[in-house]
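**Student:** For reference, this is protein-v5.txt, and it has compact mmCIF, C-alpha atoms.
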# COMPACT_ATOMS: atom_id res chain seq x y z
CA MET A 18 128.38 132.09 26.62
CA LEU A 19 128.48 129.14 24.18
CA GLU A 20 125.35 130.48 22.43
CA LEU A 21 127.05 133.83 21.98
CA VAL A 22 130.15 132.23 20.42
CA LEU A 23 127.97 130.04 18.18
CA GLY A 24 125.95 133.10 17.15
CA GLY A 25 129.15 134.94 16.33
CA ILE A 26 130.42 132.05 14.21
CA LEU A 27 127.10 131.81 12.33
CA PHE A 28 127.14 135.55 11.70
CA ALA A 29 130.70 135.40 10.42
CA CYS A 30 129.90 132.46 8.13
CA CYS A 31 126.82 134.11 6.63
CA ALA A 32 128.49 137.51 6.22
CA TYR A 33 131.59 135.87 4.70
CA THR A 34 129.43 133.99 2.19
CA GLY A 35 127.69 137.25 1.27
CA ILE A 36 131.04 139.02 0.87
CA GLY A 37 132.35 136.09 -1.19
CA ILE A 38 129.43 136.21 -3.59
CA ARG A 39 129.75 139.98 -3.95
CA SER A 40 133.48 139.65 -4.52
CA TYR A 41 132.85 137.04 -7.23
CA TYR A 42 130.59 139.42 -9.13
CA ARG A 43 132.99 142.31 -8.54
CA LYS A 44 135.85 140.31 -10.04
CA ARG A 45 133.74 139.38 -13.05
CA LYS A 46 132.83 143.03 -13.57
CA GLU A 47 136.46 144.09 -13.09
CA ILE A 48 137.71 141.60 -15.67
CA TYR A 49 135.43 143.04 -18.33
CA GLU A 50 136.17 146.62 -17.26
CA GLN A 51 139.91 146.01 -17.55
CA TYR A 52 139.49 144.10 -20.80
CA ALA A 53 137.56 147.04 -22.26
CA GLY A 54 140.17 149.46 -20.93
CA TYR A 55 142.95 147.37 -22.45
CA LEU A 56 141.25 147.38 -25.86
CA ASP A 57 140.85 151.16 -25.68
CA TYR A 58 144.49 151.55 -24.70
CA LEU A 59 145.69 149.30 -27.51
CA GLN A 60 143.62 151.11 -30.12
CA GLU A 61 145.44 154.32 -29.29
CA ASP A 62 148.88 152.81 -28.75
CA ILE A 63 148.81 150.75 -31.93
CA GLY A 64 146.95 153.22 -34.11
CA PHE A 65 149.21 156.17 -33.38
CA LEU A 66 152.45 154.93 -31.88
CA LYS A 67 152.66 151.36 -33.25
CA THR A 68 154.13 150.26 -29.95
CA PRO A 69 155.02 146.53 -29.90
CA LEU A 70 152.44 144.39 -28.17
CA VAL A 71 154.43 143.22 -25.15
CA GLU A 72 155.71 146.71 -24.41
CA SER A 73 152.24 148.17 -24.75
CA THR A 74 150.66 145.47 -22.59
CA ARG A 75 153.25 145.82 -19.83
CA GLU A 76 152.71 149.58 -19.85
CA TYR A 77 148.95 149.07 -19.50
CA CYS A 78 149.49 146.70 -16.56
CA ARG A 79 151.82 149.07 -14.72
CA GLY A 80 150.38 149.89 -11.30
CA LYS A 81 147.19 147.90 -11.85
CA LYS A 82 145.93 144.84 -10.00
CA GLY A 83 143.26 142.24 -10.66
CA GLU A 84 142.47 138.98 -12.39
CA PHE A 85 142.73 140.39 -15.89
CA ILE A 86 146.09 141.99 -15.16
CA LYS A 87 147.35 138.55 -14.06
CA ILE A 88 146.10 137.13 -17.37
CA LEU A 89 147.86 139.91 -19.30
CA SER A 90 151.06 139.27 -17.42
CA ARG A 91 150.88 135.58 -18.36
CA TYR A 92 150.09 136.62 -21.94
CA CYS A 93 153.29 138.71 -22.14
CA THR A 94 155.38 135.81 -20.84
CA MET A 95 153.73 133.51 -23.39
CA LEU A 96 154.65 135.85 -26.23
CA GLU A 97 158.20 136.29 -25.03
CA GLU A 98 158.64 132.55 -24.85
CA GLY A 99 157.10 132.07 -28.28
CA LYS A 100 154.23 129.94 -26.94
CA THR A 101 151.62 131.22 -29.32
CA GLY A 102 149.61 128.15 -30.28
CA ARG A 103 145.82 128.31 -30.29
CA ALA A 104 145.62 125.91 -27.33
CA GLU A 105 147.79 128.18 -25.17
CA PHE A 106 145.44 131.09 -25.83
CA ASP A 107 142.37 129.03 -24.93
CA GLU A 108 144.06 127.98 -21.71
CA LEU A 109 144.98 131.56 -20.89
CA PHE A 110 141.37 132.52 -20.37
CA ALA A 111 140.30 129.45 -18.42
CA SER A 112 139.42 131.66 -15.49
CA PRO A 113 136.36 131.07 -13.28
CA TYR A 114 135.59 134.75 -13.71
CA VAL A 115 135.19 134.54 -17.48
CA GLU A 116 132.09 132.75 -18.71
CA LYS A 117 132.84 129.60 -20.68
CA ARG A 118 131.14 130.75 -23.90
CA GLN A 119 133.10 134.01 -23.81
CA ARG A 120 136.49 132.41 -23.18
CA LYS A 121 136.88 131.34 -26.81
CA GLU A 122 135.72 134.73 -28.04
CA ILE A 123 138.30 136.65 -25.97
CA ALA A 124 140.99 134.08 -26.78
CA SER A 125 140.29 134.67 -30.48
CA VAL A 126 140.76 138.42 -30.05
CA PHE A 127 144.11 137.85 -28.35
CA TYR A 128 145.14 135.20 -30.86
CA GLY A 129 144.60 137.72 -33.66
CA LEU A 130 146.57 140.51 -31.98
CA GLY A 131 149.74 141.64 -33.71
CA LYS A 132 149.16 139.59 -36.84
CA VAL A 133 147.92 142.31 -39.18
CA ASP A 134 148.77 145.85 -40.23
CA ALA A 135 147.96 148.84 -38.00
CA ASP A 136 144.74 149.88 -39.75
CA THR A 137 143.24 146.39 -39.74
CA GLN A 138 144.40 145.86 -36.17
CA THR A 139 142.76 149.08 -34.97
CA GLU A 140 139.55 148.14 -36.76
CA ASN A 141 139.60 144.65 -35.18
CA LEU A 142 140.17 146.20 -31.77
CA ARG A 143 137.26 148.58 -32.31
CA LYS A 144 134.98 145.64 -33.14
CA ALA A 145 136.19 143.68 -30.10
CA ARG A 146 135.60 146.74 -27.92
CA ALA A 147 132.05 147.08 -29.23
CA ALA A 148 131.42 143.39 -28.54
CA VAL A 149 132.55 143.65 -24.93
CA GLU A 150 129.99 146.37 -24.16
CA THR A 151 127.09 143.89 -23.67
CA PRO A 152 128.79 141.54 -21.17
CA LEU A 153 130.37 144.54 -19.43
CA ASN A 154 126.97 146.16 -18.82
CA PHE A 155 125.50 142.81 -17.85
CA TYR A 156 128.13 142.15 -15.17
CA LYS A 157 128.04 145.72 -13.92
CA LYS A 158 124.31 145.32 -13.37
CA LYS A 159 124.76 141.84 -11.92
CA TYR A 160 127.28 143.20 -9.42
CA GLU A 161 125.02 146.08 -8.41
CA THR A 162 121.96 143.86 -8.02
CA THR A 163 122.90 140.24 -7.23
CA GLY A 164 126.27 141.02 -5.67
CA THR A 165 124.98 143.76 -3.39
CA LEU A 166 121.87 141.74 -2.56
CA ALA A 167 123.94 138.69 -1.64
CA PHE A 168 126.10 140.79 0.66
CA LYS A 169 123.10 142.36 2.39
CA LEU A 170 121.33 139.02 2.67
CA GLY A 171 124.45 137.45 4.15
CA VAL A 172 124.68 140.12 6.82
CA VAL A 173 120.95 140.01 7.62
CA LEU A 174 120.94 136.21 7.73
CA GLY A 175 124.01 136.31 9.94
CA ILE A 176 122.32 138.69 12.38
CA ALA A 177 119.15 136.54 12.35
CA ALA A 178 121.19 133.39 12.98
CA MET A 179 123.04 135.11 15.80
CA ILE A 180 119.77 136.22 17.44
CA LEU A 181 118.28 132.73 17.07
CA ALA A 182 121.37 131.12 18.51
CA ALA A 183 121.44 133.51 21.45
CA MET B 30 167.43 135.05 -29.66
CA LEU B 31 167.86 132.31 -32.27
CA ASP B 32 166.52 129.70 -29.87
CA LYS B 33 163.32 131.74 -29.65
CA LEU B 34 163.18 132.58 -33.33
CA LEU B 35 163.36 128.94 -34.36
CA SER B 36 161.18 126.12 -33.16
CA GLU B 37 162.90 123.68 -30.81
CA SER B 38 163.10 120.94 -33.43
CA ILE B 39 164.78 123.16 -36.04
CA TYR B 40 167.11 124.78 -33.51
CA ASN B 41 168.24 121.41 -32.16
CA ALA B 42 168.58 119.91 -35.64
CA VAL B 43 170.87 122.70 -36.86
CA PHE B 44 172.81 123.64 -33.78
CA GLY B 45 173.20 120.04 -32.74
CA ILE B 46 175.50 119.73 -35.76
CA VAL B 47 177.23 123.12 -35.96
CA SER B 48 177.71 126.08 -33.67
CA GLU B 49 176.09 129.47 -34.24
CA GLU B 50 179.50 130.99 -35.05
CA GLN B 51 179.91 128.62 -37.99
CA VAL B 52 176.54 129.31 -39.59
CA SER B 53 176.11 132.35 -41.80
CA GLU B 54 172.65 131.66 -43.12
CA LEU B 55 169.58 129.51 -42.49
CA ARG B 56 166.94 128.73 -45.08
CA LEU B 57 163.40 127.84 -44.08
CA ARG B 58 161.01 126.80 -46.82
CA VAL B 59 157.57 125.44 -46.04
CA GLY B 60 157.37 121.73 -46.74
CA LYS B 61 161.11 121.46 -47.41
CA PRO B 62 164.00 120.43 -45.18
CA VAL B 63 165.96 123.12 -43.34
CA SER B 64 169.25 124.13 -44.88
CA TYR B 65 172.09 126.19 -43.55
CA ALA B 66 175.21 127.80 -44.96
CA CYS B 67 178.49 127.02 -43.32
CA MET B 68 181.74 128.40 -44.80
CA GLY B 69 179.87 129.30 -47.97
CA ARG B 70 178.45 125.82 -48.53
CA TYR B 71 174.83 124.83 -48.11
CA ASN B 72 173.90 121.77 -46.11
CA VAL B 73 170.44 120.25 -46.04
CA ILE B 74 169.11 118.51 -42.95
CA GLU B 75 166.91 115.79 -44.38
CA GLY B 76 164.04 114.89 -42.11
CA CYS B 77 163.77 118.30 -40.49
CA ILE B 78 160.84 119.62 -42.50
CA VAL B 79 159.75 123.25 -42.09
CA THR B 80 156.08 123.90 -41.40
CA ALA B 81 153.98 127.03 -41.84
CA ASP B 82 153.91 127.29 -38.02
CA ASP B 83 157.71 127.48 -37.96
CA ILE B 84 157.60 130.42 -40.35
CA GLU B 85 154.80 132.10 -38.40
CA ARG B 86 156.71 131.66 -35.16
CA ALA B 87 159.88 133.20 -36.60
CA ILE B 88 158.01 136.20 -37.97
CA GLY B 89 156.10 136.56 -34.69
CA MET B 90 159.28 136.54 -32.64
CA ALA B 91 161.11 138.85 -35.05
CA THR B 92 158.34 141.43 -34.96
CA GLY B 93 157.72 141.10 -31.21
CA HIS B 94 154.33 139.65 -32.19
CA SER B 95 153.49 143.06 -33.62
CA VAL B 96 153.31 142.84 -37.39
CA TYR B 97 151.66 146.27 -37.45
CA ALA B 98 154.89 147.79 -36.09
CA ALA B 99 157.06 146.14 -38.72
CA ASN B 100 154.82 146.19 -41.76
CA ASP B 101 156.93 148.74 -43.68
CA SER B 102 159.93 146.50 -43.28
CA ILE B 103 157.94 143.39 -44.26
CA ALA B 104 156.77 145.18 -47.40
CA ARG B 105 160.43 145.77 -48.25
CA GLY B 106 160.99 142.03 -47.87
CA TYR B 107 162.94 141.74 -44.65
CA LEU B 108 162.90 141.97 -40.87
CA VAL B 109 165.75 142.60 -38.52
CA CYS B 110 165.77 141.44 -34.92
CA GLY B 111 168.05 140.82 -31.97
CA ARG B 112 171.72 141.43 -32.59
CA GLY B 113 171.32 141.95 -36.31
CA TYR B 114 169.65 138.75 -37.50
CA ARG B 115 168.12 139.59 -40.85
CA LEU B 116 165.14 137.63 -42.08
CA GLY B 117 164.59 137.85 -45.80
CA ILE B 118 160.91 137.14 -46.43
CA CYS B 119 159.33 135.59 -49.48
CA GLY B 120 155.61 135.21 -49.86
CA GLU B 121 152.53 136.53 -51.56
CA GLY B 122 152.43 140.29 -52.11
CA VAL B 123 149.43 142.38 -51.12
CA MET B 124 149.09 145.56 -53.16
CA LYS B 125 147.47 148.78 -51.99
CA ASN B 126 147.10 151.89 -54.15
CA GLY B 127 149.47 150.43 -56.70
CA SER B 128 152.35 149.67 -54.36
CA LEU B 129 153.36 146.67 -52.32
CA PHE B 130 151.62 146.97 -48.95
CA THR B 131 152.59 143.76 -47.19
CA LEU B 132 153.38 140.09 -47.67
CA LYS B 133 151.08 137.25 -46.74
CA ASN B 134 151.30 133.47 -46.87
CA VAL B 135 155.04 133.60 -46.31
CA THR B 136 156.63 130.46 -47.69
CA SER B 137 160.35 131.10 -47.29
CA LEU B 138 162.70 132.77 -44.88
CA CYS B 139 166.38 133.43 -45.34
CA ILE B 140 167.86 134.12 -41.91
CA ARG B 141 171.28 135.72 -42.02
CA LEU B 142 173.43 135.56 -38.92
CA PRO B 143 175.87 138.42 -38.42
CA HIS B 144 179.41 137.67 -37.32
CA GLU B 145 182.29 139.67 -36.00
CA VAL B 146 185.50 138.43 -37.55
CA LYS B 147 188.44 140.29 -36.10
CA GLY B 148 191.38 140.18 -38.44
CA CYS B 149 189.33 139.85 -41.61
CA CYS B 150 190.74 143.24 -42.69
CA ASP B 151 194.38 142.26 -42.26
CA LYS B 152 194.92 142.56 -46.00
CA LEU B 153 193.51 146.07 -46.01
CA GLY B 154 196.33 147.61 -43.96
CA GLU B 155 197.18 150.27 -46.54
CA VAL B 156 193.52 151.01 -47.29
CA LEU B 157 192.75 151.62 -43.64
CA LYS B 158 195.96 153.57 -43.06
CA ASN B 159 195.27 155.97 -45.92
CA THR B 160 191.53 156.07 -45.15
CA ASP B 161 190.27 157.00 -48.59
CA ASN B 162 187.04 156.16 -50.40
CA THR B 163 186.75 152.39 -50.61
CA LEU B 164 184.31 150.06 -52.33
CA ILE B 165 184.12 146.41 -51.33
CA ILE B 166 182.84 144.30 -54.20
CA SER B 167 181.59 140.72 -54.28
CA PRO B 168 178.55 138.60 -55.06
CA PRO B 169 176.18 138.08 -52.09
CA GLY B 170 177.32 135.93 -49.18
CA LEU B 171 181.08 136.37 -49.37
CA GLY B 172 181.45 138.61 -46.32
CA LYS B 173 181.21 142.23 -47.48
CA THR B 174 179.14 143.21 -44.48
CA THR B 175 181.46 141.42 -42.05
CA MET B 176 184.43 143.22 -43.60
CA LEU B 177 182.70 146.61 -43.45
CA ARG B 178 181.80 145.95 -39.80
CA GLU B 179 185.45 145.31 -39.02
CA CYS B 180 186.48 148.42 -41.01
CA ALA B 181 184.03 150.47 -38.94
CA ARG B 182 185.46 149.03 -35.73
CA LEU B 183 189.05 149.77 -36.69
CA LEU B 184 188.41 153.21 -38.18
CA SER B 185 186.32 154.38 -35.24
CA GLN B 186 189.25 154.01 -32.86
CA ASP B 187 190.50 157.47 -33.89
CA LYS B 188 188.04 158.90 -36.43
CA ASN B 189 184.40 159.94 -36.25
CA VAL B 190 182.71 157.11 -38.08
CA LEU B 191 179.07 157.31 -39.04
CA VAL B 192 177.54 153.96 -39.91
CA LEU B 193 174.48 154.25 -42.13
CA ASP B 194 172.78 150.96 -41.60
CA GLU B 195 169.54 150.96 -43.53
CA ARG B 196 168.67 147.34 -42.76
CA GLY B 197 169.99 147.14 -39.22
CA GLU B 198 172.50 144.38 -39.91
CA LEU B 199 175.82 146.18 -40.39
CA ILE B 200 176.18 147.44 -36.83
CA PRO B 201 173.10 146.02 -35.13
CA VAL B 202 171.47 148.03 -32.39
CA ASP B 203 169.44 145.97 -29.93
CA GLU B 204 167.11 147.91 -27.62
CA GLY B 205 169.15 151.09 -27.89
CA LYS B 206 172.55 149.42 -27.41
CA ILE B 207 175.14 148.70 -30.08
CA ALA B 208 175.30 144.93 -30.16
CA VAL B 209 178.78 144.49 -31.65
CA GLU B 210 182.19 145.86 -30.73
CA THR B 211 183.03 149.27 -32.16
CA GLY B 212 185.59 151.96 -31.46
CA ASN B 213 184.86 154.88 -29.18
CA MET B 214 184.05 157.22 -32.05
CA CYS B 215 181.32 155.31 -33.82
CA ASP B 216 177.79 156.66 -34.45
CA VAL B 217 175.14 154.36 -35.83
CA ALA B 218 172.08 155.46 -37.77
CA CYS B 219 169.96 152.39 -38.28
CA ASN B 220 166.74 151.69 -40.14
CA ILE B 221 166.91 155.07 -41.88
CA PRO B 222 166.80 155.10 -45.68
CA LYS B 223 170.30 155.88 -46.97
CA ILE B 224 169.28 158.91 -49.00
CA THR B 225 167.55 160.50 -45.99
CA ALA B 226 170.53 159.75 -43.80
CA TYR B 227 172.96 161.17 -46.39
CA GLU B 228 170.97 164.38 -46.60
CA THR B 229 170.59 164.98 -42.89
CA LEU B 230 173.25 163.18 -40.86
CA VAL B 231 176.25 164.30 -42.88
CA ARG B 232 175.46 167.85 -41.73
CA THR B 233 174.36 167.10 -38.21
CA MET B 234 176.89 164.43 -37.17
CA ARG B 235 179.89 165.81 -39.10
CA PRO B 236 181.56 162.43 -39.72
CA ASP B 237 185.09 161.87 -40.97
CA VAL B 238 184.13 158.52 -42.45
CA ILE B 239 180.79 157.07 -43.53
CA VAL B 240 180.43 153.30 -43.62
CA THR B 241 177.44 151.95 -45.48
CA ASP B 242 176.34 148.64 -46.92
CA GLU B 243 174.97 147.55 -50.30
CA VAL B 244 174.91 150.62 -52.52
CA PHE B 245 171.92 150.25 -54.80
CA GLY B 246 170.63 152.36 -57.65
CA GLU B 247 171.41 155.67 -59.25
CA ARG B 248 170.22 157.88 -56.39
CA GLU B 249 172.52 156.22 -53.86
CA VAL B 250 175.46 156.39 -56.27
CA ARG B 251 174.78 160.09 -56.80
CA ALA B 252 174.54 160.67 -53.04
CA ILE B 253 177.89 158.92 -52.47
CA CYS B 254 179.51 161.04 -55.17
CA ASP B 255 178.13 164.19 -53.52
CA ILE B 256 179.32 163.15 -50.07
CA SER B 257 182.82 162.34 -51.21
CA ARG B 258 182.97 165.78 -52.84
CA CYS B 259 182.20 167.21 -49.38
CA GLY B 260 185.42 165.68 -48.08
CA VAL B 261 183.86 162.84 -46.16
CA VAL B 262 185.46 159.45 -46.77
CA VAL B 263 183.04 156.69 -47.78
CA PHE B 264 183.48 152.97 -47.16
CA ALA B 265 180.75 151.09 -49.00
CA SER B 266 179.96 147.74 -50.48
CA LEU B 267 178.42 146.71 -53.77
CA HIS B 268 176.97 143.50 -55.13
CA ALA B 269 178.97 142.72 -58.23
CA GLY B 270 181.03 139.89 -59.62
CA GLY B 271 184.15 142.02 -59.99
CA ILE B 272 185.48 145.44 -60.93
CA ASN B 273 184.75 144.86 -64.63
CA GLU B 274 181.05 144.66 -63.85
CA VAL B 275 181.26 148.07 -62.22
CA TYR B 276 182.96 149.44 -65.34
CA ALA B 277 180.27 147.87 -67.49
CA SER B 278 177.37 149.29 -65.50
CA GLU B 279 176.22 152.77 -66.41
CA THR B 280 174.60 153.13 -63.00
CA TYR B 281 177.67 152.30 -60.95
CA ARG B 282 180.40 153.65 -63.22
CA PRO B 283 180.40 157.09 -61.49
CA LEU B 284 181.74 155.32 -58.39
CA LEU B 285 184.97 154.70 -60.26
CA GLN B 286 185.51 158.45 -60.35
CA VAL B 287 185.22 158.95 -56.60
CA MET B 288 186.44 155.67 -55.10
CA ARG B 289 190.15 155.19 -54.62
CA TYR B 290 190.26 151.60 -53.42
CA PHE B 291 188.29 148.65 -54.76
CA VAL B 292 188.46 145.53 -52.66
CA VAL B 293 187.26 142.45 -54.51
CA LEU B 294 186.37 139.34 -52.49
CA GLU B 295 186.88 136.02 -54.23
CA ASP B 296 185.65 133.60 -51.59
CA VAL B 297 184.05 133.78 -48.14
CA GLY B 298 186.01 136.43 -46.25
CA LYS B 299 188.91 136.14 -48.67
CA VAL B 300 190.30 139.24 -50.38
CA GLY B 301 191.01 138.45 -54.01
CA ALA B 302 192.41 141.80 -55.11
CA VAL B 303 192.77 145.38 -53.98
CA TYR B 304 192.78 148.05 -56.69
CA ASP B 305 194.20 151.50 -56.08
CA ARG B 306 192.55 153.83 -58.61
CA GLY B 307 192.13 150.95 -61.02
CA ARG B 308 195.66 149.62 -60.51
CA LYS B 309 195.82 146.16 -58.97
CA ASN B 310 197.79 146.17 -55.73
CA ALA B 311 197.46 142.65 -54.40
Just give me the structure of the file as structure tokens.

**Tutor:**
Amino acid sequence: MLELVLGGILFACCAYTGIGIRSYYRKRKEIYEQYAGYLDYLQEDIGFLKTPLVESTREYCRGKKGEFIKILSRYCTMLEEGKTGRAEFDELFASPYVEKRQRKEIASVFYGLGKVDADTQTENLRKARAAVETPLNFYKKKYETTGTLAFKLGVVLGIAAMILAA
Amino acid sequence: MLDKLLSESIYNAVFGIVSEEQVSELRLRVGKPVSYACMGRYNVIEGCIVTADDIERAIGMATGHSVYAANDSIARGYLVCGRGYRLGICGEGVMKNGSLFTLKNVTSLCIRLPHEVKGCCDKLGEVLKNTDNTLIISPPGLGKTTMLRECARLLSQDKNVLVLDERGELIPVDEGKIAVETGNMCDVACNIPKITAYETLVRTMRPDVIVTDEVFGEREVRAICDISRCGVVVFASLHAGGINEVYASETYRPLLQVMRYFVVLEDVGKVGAVYDRGRKNA
């Protein structure tokens, strides 16, 4: 009986680790997907409608969930409170799901938002959108390969541990 | 709004001394101390030096951190935010296709704070009772806009008043709501060029009275003359030292033909004289 319980615990631990690793890669992928989606949305909203940034960002966030949406929500609060120093922007992207070398890059994009005319802003957004394509594809692939592999390995290892324990 | 527009140090330095109701204007110049106007007099707060970040913050807050949405206004040298705070902007012009496209490296801001002063039209009893074309005249900063705002409030109790507020400071509208007290019959067209508003809204809104601020240039004078010929009463203001300057100006002289009352301000909120068709009344 004890072996069975131990086997069950080992299986749960291994499977949970696998799920955790997959979830980590999923969140990384999601952040870049939502970031790319946000840049697309802004290009249209600013280029044609000239909607103010906070209004546009809140509209983009409506009904969405995820790490990036939380960042955007904090970003809106920052703007409303007038906390727009460079340091605040750097801190905004200090997320474990954004790679360190890319944090500054994304922070720079956000720091530059709303500071120029519509044409220049749309052009800057287009460039930022093009730049996000590489990490987005990288993390999509990473999720499909490493993330899925980690999940499968976790389950298989869990089953093996359970059998051994039993 | 002002507490967000200004950095904490500037806000505390100014409004630690005076209340918002007492201040009519704030001046922010990079590298210089903050100054404010109180009862028509400027006061400098030594030691409270304005930085480029202070200016950037104010512009950011005034535009909702969306310069692209307010660039047309910036190119015209001002921004309006909240309940009618007007930021006059001075900086380096950027030209595009031969016309001013935007301003960069902003070095100075002149923030004007709107006020509602009930009773400031007490001396205009006859003018308001007769409701005929009226021109309020004074140099900048003596309270023409405040007086027009009060005229609009009083007249719109029983007349259809259309306020043409090109710069959004006469009757400020904040997020779709009129931010100052008006009568029940007041319509506000804000941020629309006067000429466009004259051409369209006079027909569509059918006002009894039009209230508009700072008449400027020949086209606006001509439009006012046309409107008054249509039977709509116009209450307007003009930057001038006195009625003689209006006589002397070829551009503004046509107003003398159509305006009945000329209200000349001599000090902040103080009516110096009221002319009825050129005859001094008070």

**Student:** With only C-alpha atoms considered, list every residue of chain B at most 7 Å from chain A, as a compact mmCIF listing (two decimals) with C-alpha atoms, in the coordinates of the input.

**Tutor:**
# COMPACT_ATOMS: atom_id res chain seq x y z
CA LYS B 33 163.32 131.74 -29.65
CA ARG B 86 156.71 131.66 -35.16
CA MET B 90 159.28 136.54 -32.64
CA GLY B 93 157.72 141.10 -31.21
CA HIS B 94 154.33 139.65 -32.19
CA SER B 95 153.49 143.06 -33.62
CA VAL B 96 153.31 142.84 -37.39
CA TYR B 97 151.66 146.27 -37.45
CA ALA B 98 154.89 147.79 -36.09
CA ASN B 100 154.82 146.19 -41.76

**Student:** Mind listing whatever residues come within 9 Å of the point (167.7, 154.4, -41.8)? Use all atoms listed in the file, file coordinates, and give them as an MDAnalysis selection string.

**Tutor:** chainID B and resid 193:197 218:226

**Student:** How many Å lie between atom CA of A:Glu108 and atom CA of A:Lys121, rounded to one decimal?

**Tutor:**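 According to the coordinates, atom CA of A:Glu108 and atom CA of A:Lys121 are separated by 9.4 Å.
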
**Student:** So the first atom is atom CA of A:Leu170 and the second is atom CA of A:Tyr42; what is the distance between them in Å, to one decimal place?

**Tutor:** 15.0 Å

**Student:** At a cut-off of 12 Å, using only C-alpha atoms, what residues contact B:Ala208? Leave out same-chain residues fewer than 2 positions from it and give the result as a PyMOL selection string.

**Tutor:** chain B and resi 110-114+143-145+178+197-206+210-211+217

**Student:** Please determine the residues with any atom at most 12 Å from (187.0, 132.4, -45.5) (coordinates as given in the file, with all atoms listed in the file counting) and report them as number ranges by chain.

**Tutor:** B: 51, 53, 67-70, 146, 148-150, 170-173, 175-176, 294-301

**Student:** How about saving the chosen residues, C-alpha atoms kept, as a PDB file, in the coordinates of the input?

**Tutor:**
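Final output, result16.pdb:
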ATOM      1  CA  GLN B  51     179.910 128.620 -37.990  1.00  0.00           C
ATOM      2  CA  SER B  53     176.110 132.350 -41.800  1.00  0.00           C
ATOM      3  CA  CYS B  67     178.490 127.020 -43.320  1.00  0.00           C
ATOM      4  CA  MET B  68     181.740 128.400 -44.800  1.00  0.00           C
ATOM      5  CA  GLY B  69     179.870 129.300 -47.970  1.00  0.00           C
ATOM      6  CA  ARG B  70     178.450 125.820 -48.530  1.00  0.00           C
ATOM      7  CA  VAL B 146     185.500 138.430 -37.550  1.00  0.00           C
ATOM      8  CA  GLY B 148     191.380 140.180 -38.440  1.00  0.00           C
ATOM      9  CA  CYS B 149     189.330 139.850 -41.610  1.00  0.00           C
ATOM     10  CA  CYS B 150     190.740 143.240 -42.690  1.00  0.00           C
ATOM     11  CA  GLY B 170     177.320 135.930 -49.180  1.00  0.00           C
ATOM     12  CA  LEU B 171     181.080 136.370 -49.370  1.00  0.00           C
ATOM     13  CA  GLY B 172     181.450 138.610 -46.320  1.00  0.00           C
ATOM     14  CA  LYS B 173     181.210 142.230 -47.480  1.00  0.00           C
ATOM     15  CA  THR B 175     181.460 141.420 -42.050  1.00  0.00           C
ATOM     16  CA  MET B 176     184.430 143.220 -43.600  1.00  0.00           C
ATOM     17  CA  LEU B 294     186.370 139.340 -52.490  1.00  0.00           C
ATOM     18  CA  GLU B 295     186.880 136.020 -54.230  1.00  0.00           C
ATOM     19  CA  ASP B 296     185.650 133.600 -51.590  1.00  0.00           C
ATOM     20  CA  VAL B 297     184.050 133.780 -48.140  1.00  0.00           C
ATOM     21  CA  GLY B 298     186.010 136.430 -46.250  1.00  0.00           C
ATOM     22  CA  LYS B 299     188.910 136.140 -48.670  1.00  0.00           C
ATOM     23  CA  VAL B 300     190.300 139.240 -50.380  1.00  0.00           C
ATOM     24  CA  GLY B 301     191.010 138.450 -54.010  1.00  0.00           C
TER      25      GLY B 301
END

**Student:** List the spatial neighbours of B:Ala81 as a PyMOL selection string - criterion: any atom at most 6 Å away, all atoms listed in the file, same-chain residues fewer than 2 positions off excluded.

**Tutor:** chain B and resi 59+83-84

**Student:** Quick one, how far is atom CA of B:Ile74 from atom CA of B:Ile88?

**Tutor:**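 About the pair atom CA of B:Ile74 and atom CA of B:Ile88: they are 21.5 Å apart.
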
**Student:** Skipping near chain neighbours, those fewer than 2 positions away, what residues fall within 9 Å of A:Ile36 using only C-alpha atoms, listed as a compact mmCIF listing (two decimals) with C-alpha atoms, keeping the file's coordinate frame?

**Tutor:**
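Wrote result.txt, looks like this:
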# COMPACT_ATOMS: atom_id res chain seq x y z
CA CYS A 31 126.82 134.11 6.63
CA ALA A 32 128.49 137.51 6.22
CA TYR A 33 131.59 135.87 4.70
CA THR A 34 129.43 133.99 2.19
CA ILE A 38 129.43 136.21 -3.59
CA ARG A 39 129.75 139.98 -3.95
CA SER A 40 133.48 139.65 -4.52
CA TYR A 41 132.85 137.04 -7.23
CA GLY A 164 126.27 141.02 -5.67
CA THR A 165 124.98 143.76 -3.39
CA ALA A 167 123.94 138.69 -1.64
CA PHE A 168 126.10 140.79 0.66
CA LYS A 169 123.10 142.36 2.39
CA GLY A 171 124.45 137.45 4.15
CA VAL A 172 124.68 140.12 6.82

**Student:** Residues near B:Thr163, anyone? I mean within 6 Å using only C-alpha atoms, not counting same-chain ones fewer than 4 positions away, as a PDB file with C-alpha atoms, keeping the file's coordinate frame.

**Tutor:**
ATOM      1  CA  PHE B 264     183.480 152.970 -47.160  1.00  0.00           C
ATOM      2  CA  MET B 288     186.440 155.670 -55.100  1.00  0.00           C
ATOM      3  CA  ARG B 289     190.150 155.190 -54.620  1.00  0.00           C
ATOM      4  CA  TYR B 290     190.260 151.600 -53.420  1.00  0.00           C
ATOM      5  CA  PHE B 291     188.290 148.650 -54.760  1.00  0.00           C
TER       6      PHE B 291
END

**Student:** Using only the atoms of stretch 98-105 of chain A listed in the file, plus 4 Å on each side, state the axis-aligned box centre and edge lengths in Å rounded to one decimal, as JSON.

**Tutor:**
{"center_x": 152.1, "center_y": 129.2, "center_z": -27.6, "size_x": 21.0, "size_y": 14.6, "size_z": 13.4}

**Student:** So that I can see what lies close to B:Val156, please list as a PyMOL selection string the residues with an atom at most 12 Å from it, counting all atoms listed in the file and leaving out residues fewer than 2 positions away in the same chain.

**Tutor:** chain B and resi 150-154+158-165+180+183-184+262-264+288-292+303-306+310-311
